[in-house]
Amino acid sequence: MEQDVVWAVSVVLMAALAAVFLWVAWGAPTATADYGPIRAAAYRSRRWLTALAVVVLVVANFDTLSELPYIAMARARAATATPAQTVHAVGEQWDWTLQPDHVVAGHPVEFHVTSKDVNHGFAIYDPELRIVAQTQAMPGYDNVLRYTFTEPGTYQILCLEYCGLAHHEMKATFKVVAH
Ligand code: CUA
């Protein structure tokens, strides 16, 4: 809705600017001293229209950009700057170590994910085996994954990156409990 209004206003302003431009351009080849006042008026109104367009676009940009996901994410991140729960996850051929092995639903969880050997894929699956979040487990890196579980249950960590013979066996379970 808001986008439609902004679009309509932009189109009208662009059309107005184009009209003024054409009007000035049309008159330019035959411009003599007599056209001076007309041209001055045209330039004046063009300046006003340009200033108006700039103001409208700046306001519209500011307003609409604030709805973009990454800004909302940054706000959410700031709001949860101190996560209620931290889980340390270490991958190793071919197992996961999670400490602690349970979290509370409804509160943000911050997973710190790393690996002791090679790269692994750290993917969290809900009880229906739908993936809910994932990151990489990389030796020497502390990858942070934030997620807030809404539903209690038994969740699984499955490795999503081929890491050797028993890659498919690289699983772990953890509980999300109601608070
Ligand atoms: Cu670890 Cu695949």
# chains A, B, ... in the order shown; residues from 1 in each chain; ligands from 1
>>> residues_around(residues="A:Val109", least_positions_apart="5", cutoff="8 Å", atoms="only C-alpha atoms", output="PDB file with C-alpha atoms, in the first residue's frame")
ATOM      1  CA  PRO A  83      21.120 -14.352  24.701  1.00  0.00           C
ATOM      2  CA  ALA A  84      19.435 -16.230  27.466  1.00  0.00           C
ATOM      3  CA  GLN A  85      21.110 -19.485  26.496  1.00  0.00           C
ATOM      4  CA  THR A  86      24.405 -20.471  24.945  1.00  0.00           C
ATOM      5  CA  VAL A  87      25.178 -23.878  23.469  1.00  0.00           C
ATOM      6  CA  VAL A 103      17.497 -25.493  25.833  1.00  0.00           C
ATOM      7  CA  ARG A 146      21.093 -17.555  16.833  1.00  0.00           C
ATOM      8  CA  TYR A 147      17.718 -19.214  16.928  1.00  0.00           C
ATOM      9  CA  THR A 148      14.660 -19.092  19.148  1.00  0.00           C
ATOM     10  CA  PHE A 149      12.792 -22.379  19.404  1.00  0.00           C
TER      11      PHE A 149
END
>>> closest_atom_pairs(of="chain A", to="ligand 1", cutoff="6 Å", atoms="only C-alpha atoms and all ligand atoms", output="JSON lines")
{"residue": "A:Gln93", "atom": "CA", "partner": "ligand 1", "partner_atom_place_in_ligand_line": "1 (Cu)", "distance": 5.9}
{"residue": "A:Trp94", "atom": "CA", "partner": "ligand 1", "partner_atom_place_in_ligand_line": "1 (Cu)", "distance": 5.7}
{"residue": "A:His120", "atom": "CA", "partner": "ligand 1", "partner_atom_place_in_ligand_line": "1 (Cu)", "distance": 4.2}
{"residue": "A:Cys159", "atom": "CA", "partner": "ligand 1", "partner_atom_place_in_ligand_line": "2 (Cu)", "distance": 4.4}
{"residue": "A:Leu160", "atom": "CA", "partner": "ligand 1", "partner_atom_place_in_ligand_line": "2 (Cu)", "distance": 5.6}
{"residue": "A:Glu161", "atom": "CA", "partner": "ligand 1", "partner_atom_place_in_ligand_line": "2 (Cu)", "distance": 4.4}
{"residue": "A:Tyr162", "atom": "CA", "partner": "ligand 1", "partner_atom_place_in_ligand_line": "2 (Cu)", "distance": 4.1}
{"residue": "A:Cys163", "atom": "CA", "partner": "ligand 1", "partner_atom_place_in_ligand_line": "2 (Cu)", "distance": 4.0}
{"residue": "A:His167", "atom": "CA", "partner": "ligand 1", "partner_atom_place_in_ligand_line": "2 (Cu)", "distance": 3.9}
{"residue": "A:Met170", "atom": "CA", "partner": "ligand 1", "partner_atom_place_in_ligand_line": "1 (Cu)", "distance": 5.7}
>>> select_by_dssp(residues="chain A", states="alpha helix (DSSP H)", output="NGL selection string")
:A and (2-27 or 36-65 or 69-79)
>>> atom_distance(atom1="atom CA of A:Ile157", atom2="atom CA of A:Phe122")
6.5 Å
>>> residues_around(residues="A:Asp4", least_positions_apart="4", cutoff="12 Å", atoms="only C-alpha atoms", output="list of chain:residue names")
A:Ala8, A:Val9, A:Ser10, A:Val11, A:Ala60, A:Thr64
>>> select_by_dssp(residues="chain A", states="strand (DSSP E or B)", output="ChimeraX atom specification")
/A:85-92,95-99,102-104,108-115,120-125,131-137,139,143-148,153-159,171-177
>>> closest_residue(among="A:Val24, A:Gln136, A:Thr97, A:Val90", to="A:Lys116", atoms="only C-alpha atoms")
A:Val90
>>> residues_around(residues="A:Val20", least_positions_apart="5", cutoff="10 Å", atoms="only C-alpha atoms", output="count of residues only")
9
>>> residues_around(residues="stretch 150-153 of chain A", least_positions_apart="5", cutoff="6 Å", atoms="only C-alpha atoms", output="list of chain:residue names")
A:Ala105, A:Gly106, A:Lys175, A:Val176, A:Val177, A:Ala178
>>> write_last_selection(atoms="all heavy atoms", output="PDB file, in the first residue's frame")
ATOM      1  N   ALA A 105      12.411 -23.418  25.357  1.00  0.00           N
ATOM      2  CA  ALA A 105      11.671 -22.796  24.254  1.00  0.00           C
ATOM      3  C   ALA A 105      11.305 -21.355  24.591  1.00  0.00           C
ATOM      4  O   ALA A 105      11.132 -21.002  25.760  1.00  0.00           O
ATOM      5  CB  ALA A 105      10.405 -23.597  23.966  1.00  0.00           C
ATOM      6  N   GLY A 106      11.198 -20.544  23.553  1.00  0.00           N
ATOM      7  CA  GLY A 106      10.726 -19.179  23.729  1.00  0.00           C
ATOM      8  C   GLY A 106      11.806 -18.175  24.091  1.00  0.00           C
ATOM      9  O   GLY A 106      11.528 -16.979  24.162  1.00  0.00           O
ATOM     10  N   LYS A 175      17.188 -31.653  23.418  1.00  0.00           N
ATOM     11  CA  LYS A 175      15.795 -31.381  23.813  1.00  0.00           C
ATOM     12  C   LYS A 175      15.551 -29.873  23.902  1.00  0.00           C
ATOM     13  O   LYS A 175      16.393 -29.127  24.377  1.00  0.00           O
ATOM     14  CB  LYS A 175      15.519 -31.995  25.188  1.00  0.00           C
ATOM     15  CG  LYS A 175      15.606 -33.503  25.207  1.00  0.00           C
ATOM     16  CD  LYS A 175      14.228 -34.119  25.407  1.00  0.00           C
ATOM     17  CE  LYS A 175      14.333 -35.617  25.623  1.00  0.00           C
ATOM     18  NZ  LYS A 175      13.798 -36.360  24.477  1.00  0.00           N
ATOM     19  N   VAL A 176      14.362 -29.516  23.419  1.00  0.00           N
ATOM     20  CA  VAL A 176      13.874 -28.166  23.662  1.00  0.00           C
ATOM     21  C   VAL A 176      12.715 -28.356  24.651  1.00  0.00           C
ATOM     22  O   VAL A 176      11.745 -29.053  24.353  1.00  0.00           O
ATOM     23  CB  VAL A 176      13.391 -27.487  22.366  1.00  0.00           C
ATOM     24  CG1 VAL A 176      12.757 -26.141  22.688  1.00  0.00           C
ATOM     25  CG2 VAL A 176      14.557 -27.318  21.391  1.00  0.00           C
ATOM     26  N   VAL A 177      12.868 -27.793  25.829  1.00  0.00           N
ATOM     27  CA  VAL A 177      11.857 -27.999  26.856  1.00  0.00           C
ATOM     28  C   VAL A 177      11.002 -26.744  27.033  1.00  0.00           C
ATOM     29  O   VAL A 177      11.456 -25.630  26.757  1.00  0.00           O
ATOM     30  CB  VAL A 177      12.517 -28.393  28.215  1.00  0.00           C
ATOM     31  CG1 VAL A 177      13.270 -29.701  28.077  1.00  0.00           C
ATOM     32  CG2 VAL A 177      13.451 -27.283  28.712  1.00  0.00           C
ATOM     33  N   ALA A 178       9.767 -26.950  27.459  1.00  0.00           N
ATOM     34  CA  ALA A 178       8.879 -25.806  27.708  1.00  0.00           C
ATOM     35  C   ALA A 178       9.371 -25.062  28.935  1.00  0.00           C
ATOM     36  O   ALA A 178       9.980 -25.653  29.821  1.00  0.00           O
ATOM     37  CB  ALA A 178       7.453 -26.312  27.918  1.00  0.00           C
TER      38      ALA A 178
END
